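**Student:** Got a structure here, written out as structure tokens. Questions coming.
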Amino acid sequence: MITITEFQKIGVGLSGFGVFFVLFGVLLYFDSVLLAFGNILFLSGLAFIIGFKRTAHFFFQKQKLRGSTFFLGGVALVLLKWPRIGMLVESYGFVLLFKSFFPMVVGFFGTALNIPFLTTMYNKLSGSSSSRV
């Protein structure tokens with residue numbers, strides 16, 4: 001059984017509120033204050049969940065430096081009151097940072113929820129030739 005520390009519980013809450021504020025900021029026509037607050041909460045929640053050193057290591061790996069630059073640059077643009085451009089840059093950086101996780105997430109949802117479309121898409125993305133009946 002995995003034990004969750006109090007800091008990790010706080011981090012999950014901070015990240016959850018961060019995602020909520022980012023989505024709410026997008027729904028309110030890119031409100032820069034809500035987006036900035038959401039970004040700060042999400043990043044601080046991530047640091048609480050996995051630790052400051054591991055967070056810095058994740059963002060500043062050599063192969064992820066381009067994605068980190070776009071993601072953190074987008075956060076900076078949102079903080080500088082350019083929310084639309086900042087969110088576009090941040091989204092591109094998010095895709096670059098987490099593109100290796102997407103097939104795993106699609107595969108998880110395909111097997112956990114047993115949705116044929118997701119399983120077929122995962123099989124095509126992973127290059128597997130086995131088909132389900």
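By convention here, the chains of the structure tokens are called A, B, ... in the order presented, each chain's residues are numbered starting at 1, and ligands are numbered starting at 1 in the order presented.
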Env of range 27-40 of chain A: 10 Å cut, atoms = only C-alpha atoms, seq-sep filter 6 positions within chain, self excluded. Answer as a PyMOL selection string.
**Tutor:** chain A and resi 14-21+46+72+74-84+86-87+90
**Student:** Please dump the current selection as a short mmCIF file (atom, residue, chain, number, x, y, z; two decimals), in the first residue's frame; keep N, CA, C and O atoms.
**Tutor:**
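Below you can see result19.cif, which holds the result:
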```cif
data_model
loop_
_atom_site.label_atom_id
_atom_site.label_comp_id
_atom_site.auth_asym_id
_atom_site.auth_seq_id
_atom_site.Cartn_x
_atom_site.Cartn_y
_atom_site.Cartn_z
N LEU A 14 -3.80 21.58 -4.00
CA LEU A 14 -3.32 22.75 -4.73
C LEU A 14 -3.40 22.54 -6.24
O LEU A 14 -3.83 23.43 -6.98
N SER A 15 -3.00 21.36 -6.70
CA SER A 15 -3.06 21.07 -8.13
C SER A 15 -4.50 21.04 -8.63
O SER A 15 -4.80 21.53 -9.72
N GLY A 16 -5.38 20.45 -7.83
CA GLY A 16 -6.79 20.41 -8.22
C GLY A 16 -7.39 21.80 -8.34
O GLY A 16 -8.10 22.11 -9.31
N PHE A 17 -7.11 22.67 -7.35
CA PHE A 17 -7.58 24.04 -7.43
C PHE A 17 -6.93 24.78 -8.60
O PHE A 17 -7.56 25.62 -9.25
N GLY A 18 -5.66 24.46 -8.89
CA GLY A 18 -4.99 25.09 -10.02
C GLY A 18 -5.66 24.74 -11.34
O GLY A 18 -5.90 25.62 -12.17
N VAL A 19 -5.98 23.47 -11.53
CA VAL A 19 -6.66 23.06 -12.75
C VAL A 19 -8.04 23.72 -12.83
O VAL A 19 -8.47 24.18 -13.88
N PHE A 20 -8.74 23.77 -11.68
CA PHE A 20 -10.06 24.41 -11.66
C PHE A 20 -9.96 25.87 -12.07
O PHE A 20 -10.75 26.35 -12.89
N PHE A 21 -9.00 26.61 -11.51
CA PHE A 21 -8.88 28.03 -11.83
C PHE A 21 -8.46 28.24 -13.29
O PHE A 21 -8.92 29.20 -13.92
N LEU A 46 2.37 20.68 -7.81
CA LEU A 46 3.28 19.68 -8.36
C LEU A 46 4.54 19.56 -7.53
O LEU A 46 5.03 18.46 -7.26
N LEU A 72 6.93 27.16 -19.33
CA LEU A 72 7.21 28.21 -18.35
C LEU A 72 7.17 29.60 -18.98
O LEU A 72 6.79 30.58 -18.33
N GLY A 74 5.05 30.37 -21.36
CA GLY A 74 3.61 30.64 -21.42
C GLY A 74 3.07 31.09 -20.08
O GLY A 74 2.23 32.00 -20.02
N VAL A 75 3.55 30.47 -19.01
CA VAL A 75 3.15 30.91 -17.67
C VAL A 75 3.59 32.35 -17.45
O VAL A 75 2.82 33.17 -16.92
N ALA A 76 4.80 32.69 -17.87
CA ALA A 76 5.29 34.06 -17.72
C ALA A 76 4.46 35.04 -18.54
O ALA A 76 4.15 36.14 -18.06
N LEU A 77 4.06 34.64 -19.75
CA LEU A 77 3.23 35.53 -20.57
C LEU A 77 1.86 35.75 -19.93
O LEU A 77 1.31 36.86 -19.98
N VAL A 78 1.31 34.71 -19.31
CA VAL A 78 0.03 34.87 -18.61
C VAL A 78 0.21 35.82 -17.43
O VAL A 78 -0.64 36.68 -17.18
N LEU A 79 1.31 35.67 -16.70
CA LEU A 79 1.57 36.56 -15.57
C LEU A 79 1.79 38.00 -16.02
O LEU A 79 1.53 38.94 -15.26
N LEU A 80 2.26 38.19 -17.25
CA LEU A 80 2.49 39.54 -17.80
C LEU A 80 1.25 40.09 -18.50
O LEU A 80 1.35 41.05 -19.27
N LYS A 81 0.08 39.46 -18.26
CA LYS A 81 -1.21 39.93 -18.77
C LYS A 81 -1.37 39.76 -20.28
O LYS A 81 -2.02 40.58 -20.94
N TRP A 82 -0.78 38.72 -20.86
CA TRP A 82 -1.03 38.34 -22.24
C TRP A 82 -1.62 36.93 -22.22
O TRP A 82 -0.95 35.96 -22.61
N PRO A 83 -2.86 36.77 -21.78
CA PRO A 83 -3.39 35.44 -21.50
C PRO A 83 -3.59 34.56 -22.73
O PRO A 83 -3.33 33.36 -22.68
N ARG A 84 -4.07 35.12 -23.83
CA ARG A 84 -4.36 34.28 -25.00
C ARG A 84 -3.07 33.70 -25.59
O ARG A 84 -2.97 32.51 -25.84
N GLY A 86 -0.19 33.54 -24.09
CA GLY A 86 0.44 32.74 -23.05
C GLY A 86 -0.14 31.34 -22.97
O GLY A 86 0.59 30.36 -22.82
N MET A 87 -1.47 31.22 -23.06
CA MET A 87 -2.09 29.90 -22.99
C MET A 87 -1.76 29.06 -24.23
O MET A 87 -1.61 27.84 -24.14
N GLU A 90 1.81 27.99 -23.64
CA GLU A 90 1.81 27.04 -22.53
C GLU A 90 1.24 25.68 -22.96
O GLU A 90 1.75 24.63 -22.56
#
```
**Student:** Leaving out range 56-59 of chain A and any residue of its chain fewer than 2 positions from it, which residues lie within 12 Å of it when counting only C-alpha atoms, given as a PyMOL selection string?
**Tutor:** chain A and resi 43-44+46-48+50-54+61-72+93-94+96-98
**Student:** From the list A:Leu125, A:Leu41, A:Met1, A:Ile49, which residue is nearest Ser100 in chain A when using only C-alpha atoms?
**Tutor:**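 Closest candidate: A:Leu125.
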**Student:** If I take CA of Asn123 in chain A and CA of Met104 in chain A, how far is one from the other in Å, to one decimal?
**Tutor:**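 Calculated distance between CA of Asn123 in chain A and CA of Met104 in chain A is 11.0 Å.
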**Student:** Grab the CA of Val12 in chain A to CA of Gly45 in chain A distance for me, in Å with one decimal place.
**Tutor:**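 A separation of 6.2 Å between them.
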